[in-house]
Structures are given as structure tokens and as C-alpha cells.
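File shown: model33.csv (CSV, C-alpha atoms).
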```csv
chain,number,residue,atom,x,y,z
A,96,MET,CA,164.9,190.7,150.1
A,97,SER,CA,161.9,192.5,148.8
A,98,GLN,CA,160.8,194.4,151.8
A,99,SER,CA,158.3,197.2,152.1
A,100,SER,CA,159.7,200.7,152.5
A,101,VAL,CA,158.0,203.8,153.8
A,102,ILE,CA,158.8,207.5,153.4
A,103,GLY,CA,157.1,208.9,156.4
A,104,ALA,CA,154.9,212.0,156.5
A,105,GLY,CA,157.6,214.1,158.1
A,106,THR,CA,160.3,213.0,155.7
A,107,THR,CA,161.7,214.6,152.5
A,108,VAL,CA,163.9,212.8,150.1
A,109,HIS,CA,165.9,214.8,147.6
A,110,GLY,CA,167.3,212.4,145.1
A,111,SER,CA,166.5,209.2,143.3
A,112,ILE,CA,164.9,206.2,144.9
A,113,ALA,CA,165.3,202.8,143.3
A,114,GLY,CA,165.0,199.2,144.4
A,115,GLU,CA,162.9,196.1,144.9
A,116,GLY,CA,159.8,195.6,146.9
A,117,SER,CA,157.0,198.1,147.6
A,118,LEU,CA,157.2,201.7,148.6
A,119,GLU,CA,154.7,203.8,150.4
A,120,ILE,CA,155.2,207.6,150.3
A,121,PHE,CA,153.5,209.6,153.0
A,122,GLY,CA,156.1,212.4,152.8
A,123,ARG,CA,157.8,214.2,150.1
A,124,VAL,CA,160.1,212.9,147.3
A,125,GLU,CA,161.9,215.2,144.9
A,126,GLY,CA,163.4,212.9,142.4
A,127,ASP,CA,162.7,209.8,140.4
A,128,VAL,CA,161.3,206.7,141.9
A,129,GLU,CA,161.9,203.3,140.3
A,130,MET,CA,160.7,200.2,142.0
A,131,SER,CA,160.2,196.6,140.9
A,132,GLY,CA,157.2,196.3,143.2
A,133,ASP,CA,154.3,198.6,144.0
A,134,VAL,CA,154.5,202.2,144.8
A,135,SER,CA,151.8,204.0,146.7
A,136,VAL,CA,151.6,207.8,147.1
A,137,ALA,CA,149.4,208.3,150.1
A,138,ASP,CA,147.1,211.2,150.8
A,139,GLY,CA,149.4,214.0,151.9
A,140,GLY,CA,152.3,212.5,150.1
A,141,ALA,CA,153.9,214.3,147.2
A,142,VAL,CA,156.3,213.3,144.5
A,143,ARG,CA,158.1,215.6,142.1
A,144,GLY,CA,159.7,213.3,139.6
A,145,ASN,CA,159.0,210.3,137.4
A,146,VAL,CA,157.6,207.2,139.0
A,147,SER,CA,157.9,203.8,137.5
A,148,ALA,CA,156.8,200.6,139.2
A,149,LYS,CA,154.8,197.5,138.7
A,150,LYS,CA,151.6,199.1,140.1
A,151,ILE,CA,151.3,202.7,141.1
A,152,SER,CA,148.4,203.9,143.2
A,153,VAL,CA,148.1,207.6,144.0
A,154,HIS,CA,146.1,209.3,146.6
A,155,GLY,CA,148.3,212.3,146.9
A,156,ALA,CA,150.1,214.6,144.5
A,157,VAL,CA,152.6,213.8,141.7
A,158,GLN,CA,154.3,216.1,139.3
A,159,GLY,CA,155.9,213.8,136.8
A,160,ASP,CA,155.2,210.8,134.6
A,161,LEU,CA,153.7,207.6,136.1
A,162,ARG,CA,154.8,204.5,134.3
A,163,GLY,CA,153.3,201.2,135.6
A,164,SER,CA,154.3,197.9,134.1
A,165,GLU,CA,151.0,196.5,135.4
A,166,ALA,CA,148.8,199.4,136.4
A,167,VAL,CA,148.4,203.0,137.4
A,168,LEU,CA,145.5,203.8,139.7
A,169,LEU,CA,144.5,207.3,140.7
A,170,GLU,CA,142.2,207.4,143.7
A,171,ARG,CA,140.0,210.1,145.0
A,172,GLY,CA,142.1,213.2,146.0
A,173,ALA,CA,144.9,212.4,143.6
A,174,ARG,CA,146.5,215.3,141.8
A,175,VAL,CA,148.8,214.3,138.9
A,176,VAL,CA,150.5,216.6,136.5
A,177,GLY,CA,152.2,214.3,134.0
A,178,ASP,CA,151.6,211.4,131.7
A,179,LEU,CA,150.1,208.1,132.7
A,180,ILE,CA,151.5,205.1,130.9
A,181,ALA,CA,150.4,201.5,131.8
A,182,PRO,CA,148.6,198.6,130.4
A,183,ARG,CA,145.8,199.2,133.0
A,184,ILE,CA,144.9,202.7,134.0
A,185,GLY,CA,142.3,203.7,136.5
A,186,ILE,CA,141.2,207.3,137.3
A,187,GLY,CA,138.8,207.4,140.2
A,188,ASN,CA,136.1,210.0,140.8
A,189,GLY,CA,137.6,213.1,142.3
A,190,ALA,CA,141.1,212.5,140.9
A,191,LEU,CA,142.7,215.3,138.9
A,192,VAL,CA,145.0,214.7,136.0
A,193,ARG,CA,146.8,217.0,133.6
A,194,GLY,CA,148.7,215.0,131.0
A,195,SER,CA,148.3,212.4,128.4
A,196,VAL,CA,147.0,208.9,129.2
A,197,ARG,CA,148.3,205.9,127.3
A,198,THR,CA,147.1,202.4,128.1
A,199,GLU,CA,150.1,200.5,126.8
A,200,GLY,CA,153.2,198.8,128.0
A,201,GLU,CA,155.9,200.5,126.0
A,202,PRO,CA,155.9,204.2,125.3
A,203,SER,CA,157.9,203.9,122.1
A,204,PRO,CA,155.3,202.2,119.8
A,205,SER,CA,152.9,205.1,120.2
A,206,PRO,CA,154.4,207.4,117.5
A,207,ASN,CA,154.5,204.5,115.0
A,208,LYS,CA,150.9,203.5,115.8
A,209,ARG,CA,149.5,206.9,115.2
A,210,PRO,CA,150.5,207.3,111.5
A,211,ALA,CA,149.4,203.8,110.7
A,212,PRO,CA,145.7,204.4,111.1
A,213,ALA,CA,145.9,207.6,109.1
A,214,ALA,CA,147.4,205.7,106.2
A,215,PHE,CA,144.6,203.1,106.3
A,216,LYS,CA,141.8,205.7,106.3
A,217,PRO,CA,142.6,207.3,102.9
A,218,THR,CA,142.6,203.8,101.3
A,219,ALA,CA,139.3,203.0,102.9
A,220,PHE,CA,137.8,206.3,101.6
A,221,ALA,CA,139.2,205.7,98.2
A,222,ALA,CA,137.6,202.2,98.1
A,223,LYS,CA,134.1,203.6,99.0
A,224,PRO,CA,133.7,205.9,96.0
A,225,VAL,CA,134.6,203.1,93.6
A,226,ALA,CA,132.0,200.9,95.3
A,227,LYS,CA,129.4,203.7,94.9
A,228,ALA,CA,130.2,204.3,91.3
A,229,GLU,CA,129.4,200.7,90.4
A,230,PRO,CA,125.9,200.7,91.8
A,231,LYS,CA,125.1,203.9,89.8
A,232,LEU,CA,126.2,202.2,86.6
A,233,ALA,CA,124.1,199.1,87.5
A,234,PRO,CA,120.8,200.9,87.8
A,235,ALA,CA,121.4,202.6,84.4
A,236,PRO,CA,120.0,199.6,82.4
A,237,PRO,CA,116.5,199.7,84.2
A,238,PRO,CA,115.8,203.2,82.8
A,239,ALA,CA,115.5,201.5,79.5
A,240,PRO,CA,111.8,202.3,79.3
A,241,PRO,CA,112.3,206.0,79.5
A,242,ALA,CA,115.0,205.8,76.8
A,243,PRO,CA,112.5,204.9,74.1
A,244,VAL,CA,110.4,207.8,75.3
A,245,GLU,CA,113.4,210.1,74.7
A,246,ASP,CA,113.7,208.7,71.2
A,247,GLU,CA,110.1,209.5,70.8
A,248,ASP,CA,110.7,213.0,71.9
A,249,GLU,CA,113.2,213.5,69.1
A,250,ASP,CA,110.7,212.1,66.7
A,251,GLU,CA,107.8,213.9,68.3
A,252,ALA,CA,109.7,217.2,68.3
A,253,GLU,CA,108.2,217.6,64.9
A,254,ASP,CA,104.7,217.1,66.3
A,255,VAL,CA,103.9,219.6,69.0
A,256,ASP,CA,100.8,217.9,70.4
A,257,ASP,CA,102.6,214.6,71.0
A,258,ASP,CA,105.4,216.3,72.9
A,259,VAL,CA,102.9,217.8,75.4
A,260,VAL,CA,101.5,214.3,76.1
A,261,ALA,CA,104.9,212.8,76.4
A,262,GLN,CA,106.0,215.4,79.1
A,263,PRO,CA,103.7,214.1,81.9
A,264,ALA,CA,105.0,210.6,81.3
A,265,LEU,CA,108.6,211.8,81.7
A,266,ALA,CA,107.6,213.8,84.8
A,267,ALA,CA,106.1,210.7,86.4
A,268,ALA,CA,109.4,208.8,85.7
A,269,ALA,CA,111.5,211.7,86.9
A,270,PRO,CA,111.4,211.0,90.7
A,271,ALA,CA,112.6,207.4,90.1
A,272,ARG,CA,115.7,208.2,88.1
A,273,PRO,CA,117.8,211.3,88.8
A,274,LYS,CA,119.7,210.9,85.6
A,275,ASP,CA,116.5,211.2,83.6
A,276,VAL,CA,115.8,214.5,85.3
A,277,GLU,CA,119.0,215.9,83.8
A,278,ARG,CA,117.9,214.8,80.3
A,279,ARG,CA,114.3,216.0,80.6
A,280,PRO,CA,114.7,219.7,81.0
A,281,PRO,CA,115.6,220.1,77.3
A,282,PRO,CA,112.4,218.4,76.0
A,283,PRO,CA,110.1,220.9,77.7
A,284,VAL,CA,112.1,223.8,76.2
A,285,LEU,CA,112.1,222.3,72.8
A,286,PRO,CA,108.3,222.1,72.4
A,287,SER,CA,107.9,225.8,73.2
A,288,LEU,CA,110.6,226.6,70.6
A,289,GLY,CA,108.9,224.2,68.3
A,290,LYS,CA,105.6,226.0,68.7
A,291,GLY,CA,107.2,229.3,68.1
A,292,ALA,CA,109.2,227.9,65.2
A,293,LYS,CA,106.1,226.4,63.6
A,294,GLY,CA,104.2,229.6,64.3
A,295,LYS,CA,106.9,231.7,62.6
A,296,LYS,CA,107.0,229.1,59.9
A,297,LYS,CA,103.2,229.4,59.6
A,298,GLY,CA,103.4,233.1,59.7
A,299,GLN,CA,106.2,233.1,57.1
A,300,GLY,CA,104.3,230.5,55.1
B,37,MET,CA,153.6,204.0,162.4
B,38,ALA,CA,157.3,203.7,162.4
B,39,GLY,CA,158.0,206.8,160.5
B,40,THR,CA,160.3,206.3,157.6
B,41,VAL,CA,161.7,202.9,156.6
B,42,ILE,CA,164.2,202.4,153.9
B,43,GLY,CA,163.7,198.7,153.4
B,44,ALA,CA,166.2,196.1,152.3
B,45,GLY,CA,166.5,196.2,148.5
B,46,LEU,CA,165.9,199.9,148.3
B,47,SER,CA,168.5,202.4,147.2
B,48,ILE,CA,168.4,206.1,147.7
B,49,GLU,CA,170.9,208.5,146.2
B,50,GLY,CA,170.3,211.9,147.7
B,51,ASP,CA,169.4,213.7,150.8
B,52,ILE,CA,166.8,212.6,153.4
B,53,THR,CA,165.5,215.1,155.9
B,54,SER,CA,162.9,214.1,158.4
B,55,ASP,CA,161.3,215.0,161.7
B,56,GLU,CA,160.4,211.5,162.6
B,57,GLU,CA,162.1,208.2,163.2
B,58,VAL,CA,164.1,206.9,160.3
B,59,VAL,CA,165.2,203.2,159.9
B,60,VAL,CA,167.6,202.3,157.1
B,61,GLN,CA,167.8,198.6,156.1
B,62,GLY,CA,168.7,199.3,152.5
B,63,ASN,CA,171.3,201.5,150.8
B,64,LEU,CA,171.7,205.2,151.2
B,65,ARG,CA,174.2,207.5,149.6
B,66,GLY,CA,174.0,211.2,150.3
B,67,LYS,CA,172.9,212.7,153.5
B,68,LEU,CA,170.5,211.7,156.3
B,69,THR,CA,169.2,214.2,158.7
B,70,SER,CA,166.4,213.7,161.3
B,71,THR,CA,165.3,215.5,164.4
B,72,ASP,CA,164.2,212.1,165.8
B,73,ALA,CA,165.9,208.8,166.2
B,74,VAL,CA,167.9,207.2,163.4
B,75,SER,CA,168.8,203.6,163.2
B,76,ILE,CA,170.8,201.8,160.6
B,77,GLY,CA,169.6,198.2,160.5
B,78,PRO,CA,171.9,195.1,160.2
B,79,GLY,CA,171.6,195.1,156.5
B,80,GLY,CA,171.8,198.8,156.1
B,81,VAL,CA,174.7,200.3,154.1
B,82,VAL,CA,175.0,204.1,154.4
B,83,GLN,CA,177.6,206.3,152.7
B,84,ALA,CA,176.5,209.6,154.1
B,85,ASP,CA,176.7,212.0,157.0
B,86,VAL,CA,174.1,211.0,159.5
B,87,ALA,CA,172.5,213.3,162.0
B,88,GLY,CA,169.7,212.5,164.4
B,89,GLN,CA,168.5,213.0,168.0
B,90,SER,CA,170.0,209.6,168.6
B,91,VAL,CA,171.7,207.3,166.2
B,92,SER,CA,171.9,203.5,166.4
B,93,ILE,CA,174.2,201.6,164.0
B,94,ALA,CA,173.9,197.9,163.4
B,95,GLY,CA,174.9,198.0,159.8
B,96,GLN,CA,177.7,199.8,157.9
B,97,VAL,CA,178.1,203.5,157.9
B,98,THR,CA,180.7,205.6,156.2
B,99,GLY,CA,180.5,209.2,157.2
B,100,ASP,CA,180.3,211.5,160.1
B,101,VAL,CA,177.7,210.9,162.7
B,102,THR,CA,176.2,213.6,164.9
B,103,ALA,CA,173.6,213.3,167.6
B,104,PRO,CA,172.8,215.7,170.5
B,105,GLU,CA,171.7,212.7,172.6
B,106,ARG,CA,173.6,209.6,171.9
B,107,VAL,CA,175.3,207.4,169.3
B,108,ASP,CA,175.4,203.6,169.7
B,109,ILE,CA,177.3,201.1,167.6
B,110,GLN,CA,175.7,197.7,168.0
B,111,ALA,CA,177.5,194.4,167.8
B,112,GLY,CA,178.2,193.7,164.2
B,113,GLY,CA,177.9,197.4,163.4
B,114,ARG,CA,180.6,199.2,161.5
B,115,LEU,CA,181.4,202.9,161.5
B,116,VAL,CA,184.1,204.7,159.6
B,117,GLY,CA,183.8,208.4,160.4
B,118,ASP,CA,183.8,210.9,163.2
B,119,VAL,CA,181.3,210.9,166.0
B,120,LYS,CA,180.0,213.9,167.8
B,121,ALA,CA,177.6,213.1,170.5
B,122,ALA,CA,176.9,213.6,174.3
B,123,ARG,CA,177.0,209.9,174.8
B,124,PHE,CA,178.7,207.3,172.7
B,125,THR,CA,178.9,203.5,173.2
B,126,ILE,CA,180.6,200.8,171.1
B,127,ALA,CA,179.3,197.4,171.7
B,128,ASP,CA,181.5,194.3,171.9
B,129,GLY,CA,182.0,193.0,168.3
B,130,ALA,CA,181.5,196.4,166.7
B,131,SER,CA,184.1,198.1,164.6
B,132,PHE,CA,184.9,201.8,164.5
B,133,LYS,CA,187.4,204.0,162.9
B,134,GLY,CA,187.3,207.7,163.5
B,135,ALA,CA,187.5,210.5,166.0
B,136,VAL,CA,185.1,211.1,168.9
B,137,ASP,CA,183.9,214.5,170.2
B,138,MET,CA,181.7,214.3,173.3
B,139,GLU,CA,181.5,218.0,173.8
B,140,VAL,CA,183.4,218.0,177.0
```
Could you render the structure from this file as C-alpha cells?
Amino acid sequence: MSQSSVIGAGTTVHGSIAGEGSLEIFGRVEGDVEMSGDVSVADGGAVRGNVSAKKISVHGAVQGDLRGSEAVLLERGARVVGDLIAPRIGIGNGALVRGSVRTEGEPSPSPNKRPAPAAFKPTAFAAKPVAKAEPKLAPAPPPAPPAPVEDEDEDEAEDVDDDVVAQPALAAAAPARPKDVERRPPPPVLPSLGKGAKGKKKGQG
Amino acid sequence: MAGTVIGAGLSIEGDITSDEEVVVQGNLRGKLTSTDAVSIGPGGVVQADVAGQSVSIAGQVTGDVTAPERVDIQAGGRLVGDVKAARFTIADGASFKGAVDMEV
């Protein structure tokens, strides 16, 4: 019973079209089209209404949603204002579309799918910082060599000359360990204070 | 090309206006108007007023039929409605119920 139907170029249909088989539209349809087979809107053909079919190919104009259970194909010269929904969607060179395109069978899952990725992303970001924090803690042990130097600084703070010698050693280590850089600024300041303090002490003494 | 073909298995609810030949083998409910020939195929079921240059009925039509040229009900065809045409034939085996106006 599935026979091909044709809406000729000089024909206008006001109303809904539904049925089995394929349909070629060379004329004008103002209403919804629902076919179990294929629907083709030929060059010069125009549809104002939603079209749902197995495979929809458009060369003409459509104002409405195109819903293909198999495919929606827009050929050169096609003008579509509406959404495209099908597992397989093709938009050829020279085809114009204004609307959203969804390559999926059912339209309903889309709202559920969109929030899901958003929920996953935050967790992914949260996991990354934790991973980064661990590596930072791990390298901490290596700076062990500088640590004794700092201890020496405290001891050497009493002796001004030793502090000056120790500073270049710290500066050399500085580029390797950022954490050390934060600790180093104080030592350079201390020697100068130490010098002044000793000088004052000497002056006072 | 054969103009417009409403194939078997296709249903249209609404108006069809055309300036070319229209063949209905499916279902139509509404109104069918053409300035060219209209034919209702053997499997066609039309619940609509039909107007065409000439109208040939081999299926079932419920509604008024108007044609400036002619209206023919083929064998096996069935028409319930008034006919307004210059020429009107009813084939043997056709059924018809309605009034006829041949613009005498």
C-alpha cells in the first residue's frame, strides 16, 4: 500500500498530510507533514509546518521543524527556518538553516543530557587541584639541603661575614625551589640589620 | 509529470488548491479545487467538495462535485452529493445519490 505521492508545483495544500510511503513536494504545503517513508521538498517547493518522516531531503524552503527518524538532508538551495532533529543530519554547501540542530533520535533526552556534563565538570576540576597539591608536597623533601643552610643563617646571623657568603648559595638554589625563595628574602634583610645593630652596638660599646 | 498524486496510504485533512491535474488514490477530507482535471482513483476516499475542469470518479466521493466540462462516474465508483456539470455520465456498475444540474 505504500505508494509514492506527489504535491505538484501548481498545488497548494492547506492542512495536515499523513500517511505511508514517500512524498515529493514540488508545490506548497501549509500544515504538518507526517510520513512513515521519505519526504522530499523539491526545489521550488515550500512547506510551512513541521515535517516528520524516515528520511527528509530538502531542496526548497521549509518553515518548521524537520524530524527524521533516519536522516535529514539539506541540499544546495535549501532554506530552513526551524530545528533539525535526526540521528543523521547533512547540511550541504549552499543550504541555509536558522534553528538548532540535534543529531539524535528522541528530542526529549536533550534537556536531561545537558545538565549531566555540567555536573561532571565540577568534580573533574575539584579532583585536579587535589592531584596538584600532592606533587607540591612530594618535592618538599628534596629541598632538605637548603634547610640546613637556613639553620646556618640563624646561627650565622650572629656573624655578619658568614651571612654574606651564605646568600649567594641560597640565590643559586632559589630558581630550583620556589618555596625557598619565599623564605630567603628575610635573610638578606637580617644581615643589613645585623650590621647596623652591631655597628650601633659597637658605637654604643 | 502527472501533477499532483495523493497516493494510497496518504491522508490529507485540509484544502487542496491546484492548477494542474490531481489524482487522489488515498484519503482526503476537506476540499479539493483544481483548474485542471481531477480524478479519484479506485482506492480513493474523498469526503470533500470537489471542483475541477473535469472530474472522474472511480473511488468513493462524499460531497458536491462541480466541473465546467464534465463529470464521469466510472464503474465501481460511488458518489453521494450533488453534481453540477455541462456533461455527466454514470457508468454501468456505478452508484450515485444526489441531484444533477447540467446548466440547461
Residue among B:Gly43, B:Asp51, B:Gly113, B:Val107 lying closest to Asn63 of chain B, counting only C-alpha atoms: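 Comparing B:Gly43, B:Asp51, B:Gly113, B:Val107 against Asn63 of chain B, the winner is B:Gly43.
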Between atom CA of Val176 of chain A and atom CA of Val136 of chain A, what distance in Å does the model show, to one decimal? 13.8 Å
Show me, as a PyMOL selection string, the residues that have an atom within 6 Å of Asp127 of chain A when counting all atoms listed in the file, minus same-chain residues fewer than 6 positions from it. chain A and resi 111+144-146
Keeping C-alpha atoms for every residue in the selection just given, could you write it to a file as a PDB file, keeping the file's coordinate frame?
```
ATOM      1  CA  SER A 111     166.500 209.200 143.300  1.00  0.00           C
ATOM      2  CA  GLY A 144     159.700 213.300 139.600  1.00  0.00           C
ATOM      3  CA  ASN A 145     159.000 210.300 137.400  1.00  0.00           C
ATOM      4  CA  VAL A 146     157.600 207.200 139.000  1.00  0.00           C
TER       5      VAL A 146
END
```
Each chain B residue no farther than 10 Å from chain A, nearest pair in Å, only C-alpha atoms, as CSV:
```
residue,atom,partner,partner_atom,distance
B:Met37,CA,A:Gly103,CA,8.5
B:Ala38,CA,A:Gly103,CA,7.9
B:Gly39,CA,A:Gly103,CA,4.7
B:Thr40,CA,A:Gly103,CA,4.3
B:Val41,CA,A:Val101,CA,4.7
B:Ile42,CA,A:Ser100,CA,5.0
B:Gly43,CA,A:Ser100,CA,4.6
B:Ala44,CA,A:Gln98,CA,5.7
B:Gly45,CA,A:Glu115,CA,5.1
B:Leu46,CA,A:Gly114,CA,4.1
B:Ser47,CA,A:Ala113,CA,5.1
B:Ile48,CA,A:Ile112,CA,4.5
B:Glu49,CA,A:Ser111,CA,5.3
B:Gly50,CA,A:Gly110,CA,4.0
B:Asp51,CA,A:His109,CA,4.9
B:Ile52,CA,A:Val108,CA,4.4
B:Thr53,CA,A:Thr107,CA,5.1
B:Ser54,CA,A:Thr106,CA,3.9
B:Asp55,CA,A:Gly105,CA,5.2
B:Glu56,CA,A:Gly105,CA,5.9
B:Glu57,CA,A:Gly103,CA,8.5
B:Val58,CA,A:Gly103,CA,8.3
B:Val59,CA,A:Val101,CA,9.5
B:Val60,CA,A:Ser100,CA,9.3
B:Gln61,CA,A:Ser100,CA,9.1
B:Gly62,CA,A:Gly114,CA,8.9
B:Asn63,CA,A:Gly114,CA,9.3
B:Leu64,CA,A:Ile112,CA,9.3
B:Arg65,CA,A:Gly110,CA,9.6
B:Gly66,CA,A:Gly110,CA,8.6
B:Lys67,CA,A:His109,CA,9.4
B:Leu68,CA,A:Val108,CA,9.1
B:Thr69,CA,A:Thr106,CA,9.5
B:Ser70,CA,A:Thr106,CA,8.3
```
At what distance in Å, to one decimal, does atom CA of Gly163 of chain A lie from atom CA of Val175 of chain A? 14.2 Å
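For the pair atom CA of Ser152 of chain A and atom CA of Ser135 of chain A, the interatomic distance is 4.9 Å.
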Around (175.3, 210.6, 165.0), as given in the file, which residues come within 12 Å? Count all atoms listed in the file and list them as an MDAnalysis selection string. chainID B and resid 67:76 84:93 97:109 115:125 136:138
Given only C-alpha atoms as the basis, pick out the residue of A:Val192, A:Val142, A:Val134, A:Leu169 nearest to Ala156 of chain A.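 Among the listed residues, A:Val142 lies closest to Ala156 of chain A.
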Please rebuild segment 167-191 of chain A with N, CA and C atoms and give the result as a CSV table (one decimal), keeping the file's coordinate frame.
```csv
chain,number,residue,atom,x,y,z
A,167,VAL,N,148.3,201.7,136.7
A,167,VAL,CA,148.4,203.0,137.4
A,167,VAL,C,147.0,203.4,137.8
A,168,LEU,N,146.8,203.6,139.1
A,168,LEU,CA,145.5,203.8,139.7
A,168,LEU,C,145.5,205.1,140.4
A,169,LEU,N,144.6,206.0,140.0
A,169,LEU,CA,144.5,207.3,140.7
A,169,LEU,C,143.2,207.3,141.5
A,170,GLU,N,143.4,207.5,142.8
A,170,GLU,CA,142.2,207.4,143.7
A,170,GLU,C,141.7,208.8,143.9
A,171,ARG,N,140.6,208.9,144.7
A,171,ARG,CA,140.0,210.1,145.0
A,171,ARG,C,141.0,211.0,145.7
A,172,GLY,N,141.1,212.3,145.3
A,172,GLY,CA,142.1,213.2,146.0
A,172,GLY,C,143.4,213.2,145.3
A,173,ALA,N,143.6,212.4,144.3
A,173,ALA,CA,144.9,212.4,143.6
A,173,ALA,C,145.0,213.6,142.7
A,174,ARG,N,146.2,214.1,142.7
A,174,ARG,CA,146.5,215.3,141.8
A,174,ARG,C,147.7,214.9,141.0
A,175,VAL,N,147.6,214.8,139.7
A,175,VAL,CA,148.8,214.3,138.9
A,175,VAL,C,149.0,215.3,137.8
A,176,VAL,N,150.2,215.8,137.6
A,176,VAL,CA,150.5,216.6,136.5
A,176,VAL,C,151.6,215.8,135.8
A,177,GLY,N,151.2,215.1,134.7
A,177,GLY,CA,152.2,214.3,134.0
A,177,GLY,C,151.5,213.2,133.3
A,178,ASP,N,152.2,212.4,132.5
A,178,ASP,CA,151.6,211.4,131.7
A,178,ASP,C,151.4,210.1,132.5
A,179,LEU,N,150.4,209.4,132.1
A,179,LEU,CA,150.1,208.1,132.7
A,179,LEU,C,150.3,207.0,131.6
A,180,ILE,N,151.2,206.1,131.9
A,180,ILE,CA,151.5,205.1,130.9
A,180,ILE,C,151.4,203.7,131.6
A,181,ALA,N,150.5,202.9,131.3
A,181,ALA,CA,150.4,201.5,131.8
A,181,ALA,C,149.4,200.7,131.0
A,182,PRO,N,149.5,199.4,131.1
A,182,PRO,CA,148.6,198.6,130.4
A,182,PRO,C,147.2,198.7,131.0
A,183,ARG,N,147.1,199.0,132.3
A,183,ARG,CA,145.8,199.2,133.0
A,183,ARG,C,145.9,200.6,133.7
A,184,ILE,N,144.9,201.4,133.4
A,184,ILE,CA,144.9,202.7,134.0
A,184,ILE,C,143.5,203.0,134.6
A,185,GLY,N,143.5,203.4,135.9
A,185,GLY,CA,142.3,203.7,136.5
A,185,GLY,C,142.3,205.1,137.1
A,186,ILE,N,141.3,205.9,136.7
A,186,ILE,CA,141.2,207.3,137.3
A,186,ILE,C,139.9,207.4,138.0
A,187,GLY,N,140.0,207.4,139.3
A,187,GLY,CA,138.8,207.4,140.2
A,187,GLY,C,138.1,208.8,140.2
A,188,ASN,N,136.9,208.7,140.7
A,188,ASN,CA,136.1,210.0,140.8
A,188,ASN,C,136.8,210.9,141.8
A,189,GLY,N,137.0,212.1,141.4
A,189,GLY,CA,137.6,213.1,142.3
A,189,GLY,C,139.1,213.2,142.1
A,190,ALA,N,139.7,212.4,141.2
A,190,ALA,CA,141.1,212.5,140.9
A,190,ALA,C,141.3,213.5,139.8
A,191,LEU,N,142.4,214.3,139.9
A,191,LEU,CA,142.7,215.3,138.9
A,191,LEU,C,143.9,214.9,138.2
```
